[in-house]
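One file, structure22.cif, carrying mmCIF, C-alpha atoms:
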```cif
data_coords
#
loop_
_atom_site.label_atom_id
_atom_site.label_comp_id
_atom_site.auth_asym_id
_atom_site.auth_seq_id
_atom_site.Cartn_x
_atom_site.Cartn_y
_atom_site.Cartn_z
CA PHE A 253 20.78 2.08 -1.12
CA GLY A 254 23.12 0.96 1.65
CA TRP A 255 22.58 -0.98 4.83
CA ARG A 256 20.91 1.92 6.68
CA LEU A 257 17.84 1.77 4.48
CA SER A 258 17.49 -1.98 4.92
CA TYR A 259 15.80 -1.55 8.31
CA PRO A 260 13.01 0.78 7.10
CA ALA A 261 12.67 -1.45 4.02
CA MET A 262 12.17 -4.53 6.24
CA ALA A 263 9.60 -2.68 8.35
CA LEU A 264 7.75 -1.43 5.28
CA SER A 265 7.73 -4.86 3.63
CA TRP A 266 6.49 -6.45 6.84
CA GLY A 267 3.75 -3.82 7.16
CA VAL A 268 2.71 -4.23 3.52
CA LEU A 269 2.38 -7.97 4.09
CA ILE A 270 0.79 -8.05 7.55
CA LEU A 271 -1.61 -5.08 7.57
CA PRO A 272 -3.82 -6.40 4.74
CA LEU A 273 -3.89 -9.86 6.32
CA ALA A 274 -4.82 -8.39 9.71
CA TRP A 275 -7.52 -6.24 8.09
CA LEU A 276 -8.99 -9.25 6.29
CA PHE A 277 -8.83 -11.91 8.98
CA LEU A 278 -8.83 -10.31 12.45
CA LYS A 279 -12.52 -9.71 13.05
CA ASP A 280 -14.80 -10.08 16.05
CA GLY A 281 -17.75 -10.91 13.85
CA GLU A 282 -19.90 -9.05 11.36
CA THR A 283 -21.07 -6.39 13.83
CA GLY A 284 -17.94 -6.35 15.97
CA GLU A 285 -20.02 -7.17 19.07
CA LEU A 286 -20.00 -10.37 21.08
CA SER A 287 -23.01 -12.65 21.12
CA ALA A 288 -24.76 -13.41 24.42
CA ASP A 289 -22.95 -16.78 24.64
CA GLN A 290 -19.58 -15.14 24.06
CA SER A 291 -20.17 -12.29 26.52
CA ARG A 292 -20.95 -14.68 29.40
CA GLY A 293 -17.39 -16.03 29.25
CA LYS A 294 -15.85 -12.59 28.94
CA SER A 295 -13.85 -11.51 31.97
CA SER A 296 -13.81 -8.10 33.59
CA PRO A 297 -10.68 -5.93 33.46
CA ILE A 298 -8.05 -6.53 36.10
CA SER A 299 -8.30 -4.18 39.09
CA PHE A 300 -5.43 -1.99 40.26
CA GLY A 301 -5.15 -3.98 43.50
CA SER A 302 -4.94 -7.25 41.58
CA LEU A 303 -2.37 -5.73 39.23
CA LYS A 304 -0.25 -4.56 42.15
CA GLY A 305 -0.42 -8.02 43.74
CA LEU A 306 0.43 -9.65 40.42
CA LEU A 307 3.46 -7.41 39.84
CA HIS A 308 4.80 -8.02 43.34
CA SER A 309 4.31 -11.78 43.42
CA ARG A 310 7.36 -14.01 43.71
CA ILE A 311 6.41 -15.94 40.57
CA PHE A 312 6.07 -12.78 38.48
CA VAL A 313 9.36 -11.29 39.68
CA SER A 314 11.18 -14.61 39.16
CA VAL A 315 9.88 -15.15 35.63
CA ALA A 316 10.42 -11.49 34.68
CA LEU A 317 14.00 -11.47 35.98
CA ALA A 318 14.84 -14.81 34.37
CA GLY A 319 13.36 -13.68 31.06
CA ALA A 320 15.11 -10.29 31.17
CA ILE A 321 18.53 -11.70 32.07
CA PHE A 322 18.13 -14.48 29.52
CA SER A 323 17.09 -12.08 26.74
CA ALA A 324 19.91 -9.65 27.52
CA MET A 325 22.43 -12.49 27.42
CA THR A 326 21.18 -14.03 24.19
CA LEU A 327 20.78 -10.70 22.39
CA GLY A 328 24.21 -9.57 23.57
CA LEU A 329 25.78 -12.76 22.28
CA LEU A 330 23.89 -12.62 18.99
CA LEU A 331 25.11 -9.08 18.35
CA HIS A 332 28.74 -9.94 19.06
CA LEU A 333 29.10 -13.37 17.45
CA VAL A 334 30.66 -12.24 14.18
CA PRO A 335 33.19 -9.87 15.84
CA LEU A 336 34.03 -12.57 18.39
CA PHE A 337 34.60 -15.19 15.70
CA SER A 338 36.56 -12.88 13.42
CA ALA A 339 38.75 -11.72 16.33
CA ALA A 340 39.63 -15.39 16.92
CA GLY A 341 40.84 -15.76 13.35
CA ILE A 342 37.76 -16.94 11.45
CA ASP A 343 37.36 -15.02 8.20
CA LEU A 344 34.38 -12.67 8.00
CA PRO A 345 32.20 -14.60 5.50
CA THR A 346 32.65 -17.83 7.45
CA ALA A 347 31.93 -16.06 10.76
CA ALA A 348 28.75 -14.54 9.31
CA GLY A 349 27.71 -17.92 7.89
CA ILE A 350 28.18 -19.62 11.24
CA ALA A 351 26.28 -16.84 13.04
CA GLY A 352 23.48 -17.23 10.51
CA LEU A 353 22.86 -20.77 11.76
CA THR A 354 21.10 -19.21 14.77
CA GLY A 355 17.97 -18.78 12.66
CA ILE A 356 17.67 -22.47 11.84
CA ALA A 357 18.54 -23.48 15.40
CA SER A 358 15.97 -20.98 16.71
CA ILE A 359 13.18 -22.64 14.72
CA ILE A 360 14.29 -26.04 15.99
CA GLY A 361 14.43 -24.67 19.56
CA ARG A 362 10.93 -23.26 19.34
CA LEU A 363 9.44 -26.48 18.02
CA ALA A 364 11.41 -28.76 20.35
CA THR A 365 10.60 -26.66 23.41
CA GLY A 366 6.89 -26.73 22.63
CA PHE A 367 7.08 -30.50 22.30
CA LEU A 368 9.08 -30.85 25.52
CA LEU A 369 6.70 -28.58 27.46
CA ASP A 370 3.78 -30.74 26.34
CA LEU A 371 5.59 -33.97 27.17
CA LEU A 372 7.56 -33.27 30.37
CA PRO A 373 7.01 -31.36 33.61
CA THR A 374 7.44 -27.60 33.15
CA ARG A 375 10.02 -26.90 35.86
CA PRO A 376 12.81 -29.23 34.64
CA VAL A 377 12.34 -28.10 31.04
CA ALA A 378 12.45 -24.41 32.02
CA ILE A 379 15.49 -24.92 34.25
CA GLY A 380 17.27 -26.85 31.51
CA ILE A 381 16.56 -24.16 28.92
CA PHE A 382 17.67 -21.37 31.25
CA LEU A 383 20.90 -23.26 32.09
CA LEU A 384 21.92 -23.93 28.47
CA PRO A 385 23.71 -20.55 28.19
CA LEU A 386 26.29 -21.96 30.58
CA ALA A 387 27.28 -24.37 27.81
CA ILE A 388 27.62 -21.43 25.41
CA SER A 389 29.83 -19.63 27.91
CA ALA A 390 31.97 -22.74 28.37
CA LEU A 391 32.43 -23.10 24.62
CA LEU A 392 33.33 -19.44 24.13
CA TRP A 393 35.36 -18.91 27.34
CA ASN A 394 38.76 -19.51 25.73
CA PHE A 395 37.58 -19.53 22.14
CA ASP A 396 40.52 -20.32 19.88
CA GLY A 397 38.87 -20.06 16.46
CA SER A 398 37.63 -23.65 16.28
CA ILE A 399 34.86 -23.92 13.70
CA TYR A 400 33.33 -26.86 15.58
CA ALA A 401 33.15 -24.96 18.86
CA ALA A 402 31.68 -21.96 17.04
CA VAL A 403 28.99 -24.08 15.35
CA CYS A 404 28.13 -25.81 18.65
CA ALA A 405 27.89 -22.49 20.50
CA VAL A 406 25.73 -20.98 17.75
CA ALA A 407 23.48 -24.05 17.62
CA ILE A 408 22.88 -23.87 21.37
CA LEU A 409 22.41 -20.09 21.24
CA GLY A 410 19.88 -20.40 18.43
CA PHE A 411 18.06 -23.17 20.25
CA VAL A 412 17.72 -21.13 23.45
CA SER A 413 16.81 -17.99 21.50
CA GLY A 414 13.83 -19.85 20.09
CA ALA A 415 12.96 -21.46 23.41
CA ASP A 416 13.04 -18.51 25.83
CA GLY A 417 9.81 -16.83 24.73
CA ASP A 418 7.96 -20.14 24.72
CA VAL A 419 9.12 -21.00 28.22
CA VAL A 420 8.16 -17.58 29.60
CA ALA A 421 4.72 -17.69 27.93
CA TYR A 422 4.11 -21.22 29.18
CA LEU A 423 5.19 -20.38 32.74
CA VAL A 424 2.94 -17.31 32.81
CA SER A 425 -0.01 -19.26 31.40
CA LYS A 426 0.43 -21.95 34.08
CA SER A 427 0.95 -19.45 36.92
CA TYR A 428 -1.91 -17.00 36.36
CA GLU A 429 -5.62 -17.05 35.70
CA GLN A 430 -6.89 -16.32 32.20
CA GLU A 431 -7.91 -12.80 33.28
CA GLN A 432 -4.33 -12.01 34.36
CA PHE A 433 -2.38 -13.73 31.58
CA ALA A 434 -2.31 -10.89 29.04
CA THR A 435 -1.33 -8.33 31.67
CA ALA A 436 1.41 -10.47 33.22
CA TYR A 437 2.82 -11.59 29.87
CA SER A 438 2.82 -8.12 28.32
CA VAL A 439 4.59 -6.58 31.30
CA ILE A 440 7.20 -9.36 31.31
CA ILE A 441 7.81 -9.04 27.57
#
```

Output the file's structure as structure tokens, nothing else.
Amino acid sequence: FGWRLSYPAMALSWGVLILPLAWLFLKDGETGELSADQSRGKSSPISFGSLKGLLHSRIFVSVALAGAIFSAMTLGLLLHLVPLFSAAGIDLPTAAGIAGLTGIASIIGRLATGFLLDLLPTRPVAIGIFLLPLAISALLWNFDGSIYAAVCAVAILGFVSGADGDVVAYLVSKSYEQEQFATAYSVII
């Protein structure tokens, strides 16, 4: 059917898989209402004044800007890897194969970052993750078609692609109260 129909096909297959699972397993209980014990811990909605303060805080602006710049950089690189590699003389199937390594490296990055955030202080881990794109830039600055440099750049790119969402979520969870987490995280994402 051509590549254009692959995107609706992926969306439809994802929906066919996820919607029944969500329908079966995402329930609040038999009646859909919270028990008295559950309702005591329930927080009230965030007020407009609190939301305005949250959106103007230095922490929020810093995390949102870092996440936005980071995402734009990683997505931009991911989209242009194959053309960049093929322009440097790597044949198209090899370039696509190397670019495909981002998926494996992304899974490794997600797992490793979670482990590192549990083990080490948050700030150095976050700074290290957000500085790793400098290594990608250094590897691709004067890219000459080296397979080894391409694999290293893709491995780092995949790693940071998996790590960025985890770092942002972790920073937001550590910086805001439980009542503000969903609002702050959803606006940042």

May I ask for the distance between atom CA of Trp255 of chain A and atom CA of Ala339 of chain A, given in Å to one decimal place? 22.6 Å

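For Phe367 of chain A, the non-local neighbours within 12 Å, defined as residues at least 3 positions apart in the same chain or in other chains and counting all atoms listed in the file, are A:Ile360, A:Gly361, A:Arg362, A:Leu363, A:Ala364, A:Asp370, A:Leu371, A:Leu372, A:Pro373, A:Thr374, A:Val377, A:Ala415, A:Asp418, A:Val419, A:Tyr422.
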
Within 10 Å of Ala387 of chain A using only C-alpha atoms, minus same-chain residues under 5 positions, as a ChimeraX atom specification: /A:392-393,404-405,408-409

What does the distance between atom CA of Pro385 of chain A and atom CA of Leu353 of chain A come to in Å, to one decimal place? 16.5 Å

Proximity to Ala421 of chain A - best of A:Ala340, A:Ile388, A:Leu383, A:Val315, all atoms listed in the file: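 Smallest distance to Ala421 of chain A is found for A:Val315.
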
Residues near Ala407 of chain A, cut-off 12 Å, all atoms listed in the file, skip fewer than 5 positions along chain, as a count of residues only: 24

Separation of atom CA of Thr346 of chain A from atom CA of His332 of chain A, in Å and rounded to one decimal: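 Distance between the two atoms: 14.6 Å.
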
Check the smallest atom-to-atom distance from each of A:Val424, A:Val403, A:Met262, A:Leu327 to Val439 of chain A using all atoms listed in the file, then report the winner.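 Closest residue, counting all atoms listed in the file: A:Val424.
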
Please expand the PyMOL selection byres ((chain A and resi 425-427) around 12) into the concrete residues it hits in this file, giving the result as a list in words. Leu306, Ser309, Arg310, Ile311, Phe312, Ser314, Val315, Leu369, Pro373, Thr374, Arg375, Asp418, Val419, Val420, Ala421, Tyr422, Leu423, Val424, Tyr428, Glu429, Gln430, Glu431, Gln432, Phe433, Ala434, Thr435, Ala436, Tyr437 and Ser438 of chain A

Taking all atoms listed in the file into account, name the residue in A:Ile399, A:Leu307, A:Ala316, A:Ile321 that is nearest to Gly349 of chain A.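 Ranking A:Ile399, A:Leu307, A:Ala316, A:Ile321 by distance to Gly349 of chain A, first place goes to A:Ile399.
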
Specify the axis-aligned box that encloses all atoms of segment 261-278 of chain A listed in the file after padding of 8 Å on each side, stating its centre and edge lengths in Å to one decimal as AutoDock Vina command-line options.
```
--center_x 1.8 --center_y -6.7 --center_z 8.0 --size_x 37.7 --size_y 26.5 --size_z 24.9
```

Using all atoms listed in the file, find the one residue out of A:Leu317, A:Leu269, A:Met325, A:Ala347 that sits nearest to Ser389 of chain A.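 Under the stated criterion, the closest residue is A:Met325.
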
Would you mind completing segment 409-437 of chain A to N, CA and C atoms and writing the output as an mmCIF file, in the coordinates of the input?
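Writing the result to part-v4.cif gives the following:
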```
data_model
loop_
_atom_site.group_PDB
_atom_site.id
_atom_site.type_symbol
_atom_site.label_atom_id
_atom_site.label_comp_id
_atom_site.auth_asym_id
_atom_site.auth_seq_id
_atom_site.Cartn_x
_atom_site.Cartn_y
_atom_site.Cartn_z
ATOM 1 N N LEU A 409 22.940 -21.441 21.122
ATOM 2 C CA LEU A 409 22.410 -20.090 21.240
ATOM 3 C C LEU A 409 21.123 -19.932 20.434
ATOM 4 N N GLY A 410 21.102 -20.450 19.225
ATOM 5 C CA GLY A 410 19.880 -20.400 18.430
ATOM 6 C C GLY A 410 18.749 -21.163 19.073
ATOM 7 N N PHE A 411 19.066 -22.343 19.585
ATOM 8 C CA PHE A 411 18.060 -23.170 20.250
ATOM 9 C C PHE A 411 17.423 -22.411 21.418
ATOM 10 N N VAL A 412 18.266 -21.833 22.284
ATOM 11 C CA VAL A 412 17.720 -21.130 23.450
ATOM 12 C C VAL A 412 17.043 -19.825 23.060
ATOM 13 N N SER A 413 17.480 -19.209 21.966
ATOM 14 C CA SER A 413 16.810 -17.990 21.500
ATOM 15 C C SER A 413 15.386 -18.293 21.070
ATOM 16 N N GLY A 414 15.175 -19.455 20.472
ATOM 17 C CA GLY A 414 13.830 -19.850 20.090
ATOM 18 C C GLY A 414 13.004 -20.320 21.266
ATOM 19 N N ALA A 415 13.661 -20.836 22.284
ATOM 20 C CA ALA A 415 12.960 -21.460 23.410
ATOM 21 C C ALA A 415 12.545 -20.468 24.488
ATOM 22 N N ASP A 416 13.275 -19.374 24.668
ATOM 23 C CA ASP A 416 13.040 -18.510 25.830
ATOM 24 C C ASP A 416 11.643 -17.915 25.863
ATOM 25 N N GLY A 417 11.158 -17.424 24.755
ATOM 26 C CA GLY A 417 9.810 -16.830 24.730
ATOM 27 C C GLY A 417 8.733 -17.864 25.000
ATOM 28 N N ASP A 418 8.931 -19.070 24.487
ATOM 29 C CA ASP A 418 7.960 -20.140 24.720
ATOM 30 C C ASP A 418 7.909 -20.521 26.187
ATOM 31 N N VAL A 419 9.070 -20.622 26.809
ATOM 32 C CA VAL A 419 9.120 -21.000 28.220
ATOM 33 C C VAL A 419 8.454 -19.930 29.082
ATOM 34 N N VAL A 420 8.756 -18.668 28.815
ATOM 35 C CA VAL A 420 8.160 -17.580 29.600
ATOM 36 C C VAL A 420 6.639 -17.577 29.414
ATOM 37 N N ALA A 421 6.167 -17.677 28.181
ATOM 38 C CA ALA A 421 4.720 -17.690 27.930
ATOM 39 C C ALA A 421 4.048 -18.861 28.625
ATOM 40 N N TYR A 422 4.678 -20.030 28.557
ATOM 41 C CA TYR A 422 4.110 -21.220 29.180
ATOM 42 C C TYR A 422 4.074 -21.085 30.696
ATOM 43 N N LEU A 423 5.159 -20.568 31.289
ATOM 44 C CA LEU A 423 5.190 -20.380 32.740
ATOM 45 C C LEU A 423 4.127 -19.391 33.193
ATOM 46 N N VAL A 424 3.956 -18.306 32.453
ATOM 47 C CA VAL A 424 2.940 -17.310 32.810
ATOM 48 C C VAL A 424 1.547 -17.907 32.663
ATOM 49 N N SER A 425 1.315 -18.676 31.599
ATOM 50 C CA SER A 425 -0.010 -19.260 31.400
ATOM 51 C C SER A 425 -0.353 -20.278 32.491
ATOM 52 N N LYS A 426 0.656 -20.976 33.012
ATOM 53 C CA LYS A 426 0.430 -21.950 34.080
ATOM 54 C C LYS A 426 0.324 -21.305 35.457
ATOM 55 N N SER A 427 0.881 -20.091 35.607
ATOM 56 C CA SER A 427 0.950 -19.450 36.920
ATOM 57 C C SER A 427 -0.197 -18.493 37.201
ATOM 58 N N TYR A 428 -0.888 -18.020 36.170
ATOM 59 C CA TYR A 428 -1.910 -17.000 36.360
ATOM 60 C C TYR A 428 -3.225 -17.404 35.735
ATOM 61 N N GLU A 429 -4.284 -16.816 36.252
ATOM 62 C CA GLU A 429 -5.620 -17.050 35.700
ATOM 63 C C GLU A 429 -5.706 -16.423 34.313
ATOM 64 N N GLN A 430 -6.702 -16.823 33.562
ATOM 65 C CA GLN A 430 -6.890 -16.320 32.200
ATOM 66 C C GLN A 430 -7.033 -14.801 32.188
ATOM 67 N N GLU A 431 -7.685 -14.243 33.221
ATOM 68 C CA GLU A 431 -7.910 -12.800 33.280
ATOM 69 C C GLU A 431 -6.603 -12.024 33.492
ATOM 70 N N GLN A 432 -5.594 -12.674 34.045
ATOM 71 C CA GLN A 432 -4.330 -12.010 34.360
ATOM 72 C C GLN A 432 -3.227 -12.313 33.344
ATOM 73 N N PHE A 433 -3.446 -13.292 32.483
ATOM 74 C CA PHE A 433 -2.380 -13.730 31.580
ATOM 75 C C PHE A 433 -1.869 -12.609 30.696
ATOM 76 N N ALA A 434 -2.752 -11.923 29.994
ATOM 77 C CA ALA A 434 -2.310 -10.890 29.040
ATOM 78 C C ALA A 434 -1.553 -9.782 29.749
ATOM 79 N N THR A 435 -2.012 -9.388 30.924
ATOM 80 C CA THR A 435 -1.330 -8.330 31.670
ATOM 81 C C THR A 435 0.054 -8.787 32.110
ATOM 82 N N ALA A 436 0.127 -9.965 32.721
ATOM 83 C CA ALA A 436 1.410 -10.470 33.220
ATOM 84 C C ALA A 436 2.382 -10.678 32.054
ATOM 85 N N TYR A 437 1.935 -11.285 30.987
ATOM 86 C CA TYR A 437 2.820 -11.590 29.870
ATOM 87 C C TYR A 437 3.296 -10.306 29.180
#
```
